[in-house]
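K.L.:
Next comes data-v1.pdb, PDB, C-alpha atoms:
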```pdb
ATOM      1  CA  MET A   1       0.000   0.000   0.000
ATOM      2  CA  PRO A   2       1.294   3.521  -0.811
ATOM      3  CA  GLU A   3       2.501   5.731   2.011
ATOM      4  CA  MET A   4      -0.339   7.507   3.825
ATOM      5  CA  GLY A   5      -0.162  11.211   4.429
ATOM      6  CA  THR A   6      -2.133  14.390   3.942
ATOM      7  CA  LYS A   7      -1.232  16.701   1.100
ATOM      8  CA  ASP A   8      -2.444  20.208   1.932
ATOM      9  CA  ARG A   9      -2.723  22.540  -1.077
ATOM     10  CA  GLN A  10      -1.624  25.964   0.068
ATOM     11  CA  THR A  11       1.040  26.924  -2.493
ATOM     12  CA  VAL A  12       0.001  28.795  -5.615
ATOM     13  CA  MET A  13       2.074  30.665  -8.156
ATOM     14  CA  PRO A  14       1.607  34.440  -8.638
ATOM     15  CA  ASP A  15      -0.656  33.852 -11.672
ATOM     16  CA  GLY A  16      -3.008  31.706  -9.535
ATOM     17  CA  ARG A  17      -2.051  28.283 -10.893
ATOM     18  CA  ARG A  18      -1.081  25.546  -8.466
ATOM     19  CA  SER A  19       2.628  24.877  -8.217
ATOM     20  CA  GLU A  20       2.442  21.120  -7.609
ATOM     21  CA  GLN A  21       1.037  17.974  -9.139
ATOM     22  CA  PRO A  22      -2.097  16.535  -7.545
ATOM     23  CA  ALA A  23      -1.481  13.821  -4.939
ATOM     24  CA  ILE A  24      -4.339  11.682  -6.326
ATOM     25  CA  ALA A  25      -4.522  10.599  -9.973
ATOM     26  CA  GLY A  26      -7.486  12.182 -11.755
ATOM     27  CA  VAL A  27      -8.085  14.867  -9.106
ATOM     28  CA  TYR A  28      -7.650  18.352 -10.557
ATOM     29  CA  VAL A  29      -7.657  21.699  -8.807
ATOM     30  CA  ARG A  30      -8.170  24.844 -10.871
ATOM     31  CA  GLU A  31      -7.534  28.122  -9.106
ATOM     32  CA  LEU A  32     -10.368  30.406 -10.236
ATOM     33  CA  GLY A  33      -9.600  33.826  -8.812
ATOM     34  CA  ASN A  34     -12.011  36.660  -8.143
ATOM     35  CA  VAL A  35     -12.596  39.628 -10.411
ATOM     36  CA  LEU A  36     -13.086  42.754  -8.329
ATOM     37  CA  THR A  37     -15.945  44.944  -9.486
ATOM     38  CA  ARG A  38     -17.198  48.335  -8.413
ATOM     39  CA  SER A  39     -19.959  46.617  -6.395
ATOM     40  CA  GLY A  40     -18.071  43.578  -5.014
ATOM     41  CA  PHE A  41     -16.558  40.655  -6.907
ATOM     42  CA  MET A  42     -17.414  38.048  -9.536
ATOM     43  CA  THR A  43     -15.995  34.548 -10.010
ATOM     44  CA  GLU A  44     -16.366  32.302 -13.035
ATOM     45  CA  ILE A  45     -17.066  28.937 -11.394
ATOM     46  CA  CYS A  46     -17.561  26.684 -14.429
ATOM     47  CA  ARG A  47     -16.845  27.061 -18.135
ATOM     48  CA  SER A  48     -17.224  24.461 -20.863
ATOM     49  CA  ASP A  49     -13.869  25.486 -22.397
ATOM     50  CA  TRP A  50     -11.913  24.460 -19.268
ATOM     51  CA  ALA A  51     -10.281  21.069 -19.809
ATOM     52  CA  GLU A  52     -11.032  20.101 -16.180
ATOM     53  CA  VAL A  53     -14.772  20.432 -16.768
ATOM     54  CA  GLY A  54     -14.929  18.150 -19.808
ATOM     55  CA  ILE A  55     -18.619  17.268 -19.429
ATOM     56  CA  THR A  56     -22.111  18.106 -20.417
ATOM     57  CA  VAL A  57     -23.585  19.403 -17.166
ATOM     58  CA  ARG A  58     -26.454  17.146 -16.031
ATOM     59  CA  GLN A  59     -27.124  18.602 -12.583
ATOM     60  CA  VAL A  60     -25.928  21.438 -10.344
ATOM     61  CA  ASN A  61     -26.358  21.219  -6.553
ATOM     62  CA  TRP A  62     -25.985  24.032  -4.030
ATOM     63  CA  VAL A  63     -25.062  22.698  -0.565
ATOM     64  CA  CYS A  64     -24.930  24.631   2.720
ATOM     65  CA  LEU A  65     -23.102  23.250   5.744
ATOM     66  CA  ASN A  66     -23.938  24.347   9.278
ATOM     67  CA  PRO A  67     -21.089  25.820  11.352
ATOM     68  CA  GLY A  68     -18.673  22.998  12.235
ATOM     69  CA  ALA A  69     -20.669  20.425  10.236
ATOM     70  CA  VAL A  70     -18.935  17.370   8.786
ATOM     71  CA  THR A  71     -20.365  15.298   5.940
ATOM     72  CA  ASP A  72     -20.020  11.537   5.696
ATOM     73  CA  TRP A  73     -17.192  10.208   3.592
ATOM     74  CA  HIS A  74     -18.774   9.264   0.271
ATOM     75  CA  VAL A  75     -17.810   7.868  -3.118
ATOM     76  CA  HIS A  76     -19.429   7.407  -6.526
ATOM     77  CA  ARG A  77     -18.865   4.636  -9.068
ATOM     78  CA  ARG A  78     -19.983   6.603 -12.152
ATOM     79  CA  GLN A  79     -20.341  10.245 -11.138
ATOM     80  CA  THR A  80     -17.559  12.831 -11.285
ATOM     81  CA  ASP A  81     -18.001  15.740  -8.866
ATOM     82  CA  ARG A  82     -16.797  19.257  -9.651
ATOM     83  CA  ILE A  83     -16.847  21.086  -6.315
ATOM     84  CA  ILE A  84     -16.524  24.865  -5.943
ATOM     85  CA  GLY A  85     -16.531  26.588  -2.533
ATOM     86  CA  VAL A  86     -18.680  29.710  -2.578
ATOM     87  CA  GLY A  87     -18.979  30.715   1.071
ATOM     88  CA  GLY A  88     -17.353  30.184   4.440
ATOM     89  CA  SER A  89     -14.251  28.029   4.782
ATOM     90  CA  ILE A  90     -14.466  24.346   3.822
ATOM     91  CA  ARG A  91     -11.960  21.515   4.188
ATOM     92  CA  LEU A  92     -12.331  18.934   1.389
ATOM     93  CA  ALA A  93     -10.625  15.647   2.322
ATOM     94  CA  LEU A  94      -9.889  13.091  -0.421
ATOM     95  CA  TRP A  95      -8.775   9.448  -0.257
ATOM     96  CA  ASP A  96      -7.994   7.314  -3.303
ATOM     97  CA  GLY A  97      -9.781   4.002  -2.786
ATOM     98  CA  ARG A  98      -9.287   2.766  -6.370
ATOM     99  CA  GLU A  99      -7.288  -0.481  -6.265
ATOM    100  CA  GLN A 100      -5.985  -0.046  -9.832
ATOM    101  CA  SER A 101      -4.965   3.596  -9.343
ATOM    102  CA  PRO A 102      -1.249   4.513  -9.271
ATOM    103  CA  THR A 103      -2.069   6.650  -6.211
ATOM    104  CA  CYS A 104      -4.206   4.059  -4.358
ATOM    105  CA  GLY A 105      -4.250   4.937  -0.657
ATOM    106  CA  ALA A 106      -3.079   8.529  -1.186
ATOM    107  CA  THR A 107      -4.808  11.346   0.685
ATOM    108  CA  GLU A 108      -5.161  15.026  -0.050
ATOM    109  CA  VAL A 109      -6.750  18.073   1.584
ATOM    110  CA  VAL A 110      -7.995  21.091  -0.385
ATOM    111  CA  ARG A 111      -9.358  24.204   1.292
ATOM    112  CA  LEU A 112     -12.234  26.000  -0.438
ATOM    113  CA  SER A 113     -13.807  29.404   0.135
ATOM    114  CA  ALA A 114     -15.107  32.465  -1.653
ATOM    115  CA  LEU A 115     -11.755  34.093  -0.820
ATOM    116  CA  ARG A 116      -9.885  31.193  -2.458
ATOM    117  CA  PRO A 117     -12.212  30.008  -5.202
ATOM    118  CA  VAL A 118     -11.120  26.717  -6.735
ATOM    119  CA  LEU A 119     -12.752  24.053  -8.866
ATOM    120  CA  VAL A 120     -11.903  20.551  -7.600
ATOM    121  CA  VAL A 121     -12.612  17.607  -9.907
ATOM    122  CA  VAL A 122     -13.251  14.400  -7.928
ATOM    123  CA  PRO A 123     -13.359  11.315 -10.190
ATOM    124  CA  PRO A 124     -15.335   8.124  -9.516
ATOM    125  CA  GLY A 125     -13.727   5.891  -6.873
ATOM    126  CA  VAL A 126     -12.153   8.747  -4.887
ATOM    127  CA  TRP A 127     -13.705   8.997  -1.414
ATOM    128  CA  HIS A 128     -14.347  12.548  -0.219
ATOM    129  CA  GLY A 129     -15.825  14.381   2.738
ATOM    130  CA  LEU A 130     -16.244  18.018   3.687
ATOM    131  CA  ARG A 131     -15.943  19.959   6.947
ATOM    132  CA  ASN A 132     -17.144  23.499   7.558
ATOM    133  CA  GLU A 133     -14.211  25.123   9.321
ATOM    134  CA  SER A 134     -15.962  28.480   9.708
ATOM    135  CA  GLY A 135     -18.059  29.752  12.565
ATOM    136  CA  ASP A 136     -20.835  30.543  10.074
ATOM    137  CA  MET A 137     -22.704  28.698   7.348
ATOM    138  CA  ALA A 138     -20.456  27.566   4.487
ATOM    139  CA  GLY A 139     -21.521  26.617   0.994
ATOM    140  CA  TYR A 140     -20.349  24.877  -2.123
ATOM    141  CA  VAL A 141     -21.677  24.176  -5.592
ATOM    142  CA  ASN A 142     -21.327  20.717  -7.141
ATOM    143  CA  VAL A 143     -21.499  20.534 -10.952
ATOM    144  CA  ILE A 144     -22.020  16.893 -11.892
ATOM    145  CA  ASP A 145     -22.139  14.795 -15.031
ATOM    146  CA  GLN A 146     -24.883  12.376 -13.894
ATOM    147  CA  LEU A 147     -28.460  12.914 -12.803
ATOM    148  CA  TYR A 148     -29.102  11.750  -9.253
ATOM    149  CA  GLU A 149     -31.183   8.570  -9.407
ATOM    150  CA  HIS A 150     -33.365   8.523  -6.306
ATOM    151  CA  GLU A 151     -34.320   4.840  -6.889
ATOM    152  CA  ASP A 152     -30.690   3.694  -7.353
ATOM    153  CA  PRO A 153     -28.250   6.328  -6.028
ATOM    154  CA  ASP A 154     -24.619   6.240  -7.164
ATOM    155  CA  ASN A 155     -23.542   7.067  -3.626
ATOM    156  CA  TRP A 156     -21.802   4.990  -0.932
ATOM    157  CA  ARG A 157     -21.105   6.378   2.554
ATOM    158  CA  SER A 158     -18.881   5.841   5.572
ATOM    159  CA  THR A 159     -19.231   7.709   8.857
ATOM    160  CA  PRO A 160     -16.254   9.893   9.864
ATOM    161  CA  GLY A 161     -14.338   8.344  12.746
ATOM    162  CA  SER A 162     -15.510   4.809  11.905
ATOM    163  CA  GLY A 163     -11.930   3.715  11.172
ATOM    164  CA  ASP A 164     -12.738   2.864   7.541
ATOM    165  CA  MET A 165     -11.114   6.040   6.187
ATOM    166  CA  PRO A 166      -7.963   8.026   7.018
ATOM    167  CA  ASP A 167      -8.407  10.482   9.898
ATOM    168  CA  ILE A 168      -7.972  13.657   7.812
ATOM    169  CA  LEU A 169     -11.509  15.037   7.770
TER     170      LEU A 169
END
```
Is it possible to give me this structure as structure tokens?
P.N.:
Amino acid sequence: MPEMGTKDRQTVMPDGRRSEQPAIAGVYVRELGNVLTRSGFMTEICRSDWAEVGITVRQVNWVCLNPGAVTDWHVHRRQTDRIIGVGGSIRLALWDGREQSPTCGATEVVRLSALRPVLVVVPPGVWHGLRNESGDMAGYVNVIDQLYEHEDPDNWRSTPGSGDMPDIL
């Protein structure tokens, strides 16, 4: 099994691009940046001409997390998530559970917020969970390539702290 450890993305180059390769194969982080306007700021959160997007959008979900809230670890077999933090401060923990992946067992942490807008692509088979690290509500948008099937969800869960996943959430 590959060495376990948490990769924390904090280093970006002056032009906003990340200065390192992702720790998990198939996970991409695109630094988005804010455009200051006379009345506030604007952020492009998803464009079809970005290589990381690479999909026809099937569904967009807006999720709000209560202060200090932690989601379950979850994974999809078919769905690719494209997660963008839009409010508060969120810790996105990732664990590569794909047996055939060159980075099987690798972990990574990405911090999301409106102050540091990033698009994180989470491919099928990569477990992920989110923690609201702010004292207020925090939110993210998930742009996905599959419709949610209520009768047969492409969603498997594990409770944080159960011992099934690395303790990085």
K.L.:
Kindly resolve the PyMOL selection byres ((chain A and resi 80-95) around 7) on the present coordinates and return the residues as a PyMOL selection string.
P.N.:
chain A and resi 45+78-79+96-97+105-114+117-124+126-134+136-145+168-169
K.L.:
Please determine an axis-aligned box that encloses all atoms of range 109-124 of chain A listed in the file, with 5 Å added on each side, and express its centre and edge lengths in Å to one decimal as AutoDock Vina command-line options.
P.N.:
```
--center_x -11.0 --center_y 21.1 --center_z -4.3 --size_x 18.6 --size_y 36.0 --size_z 21.8
```
K.L.:
Tell me, in Å to one decimal, how far CA of Arg38 in chain A is from CA of Leu115 in chain A.
P.N.:
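Rounded to one decimal, the two atoms are 17.0 Å apart.
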K.L.:
What does the distance between CA of Thr71 in chain A and CA of Thr159 in chain A come to in Å, to one decimal place?
P.N.:
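Going from CA of Thr71 in chain A over to CA of Thr159 in chain A, I get 8.2 Å.
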K.L.:
Between A:Arg116, A:Val57, A:Pro160, A:Thr103, which one has atoms that come closest to Leu32 in chain A, using only C-alpha atoms?
P.N.:
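For Leu32 in chain A, the nearest of the candidates is A:Arg116.
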K.L.:
One decimal, Å: what's the distance from CA of Asn155 in chain A over to CA of His76 in chain A, could you say?
P.N.:
5.0 Å
K.L.:
Skipping near chain neighbours, those fewer than 6 positions away, what residues fall within 10 Å of Ser101 in chain A using only C-alpha atoms, listed as an MDAnalysis selection string?
P.N.:
chainID A and resid 24:26 125:126
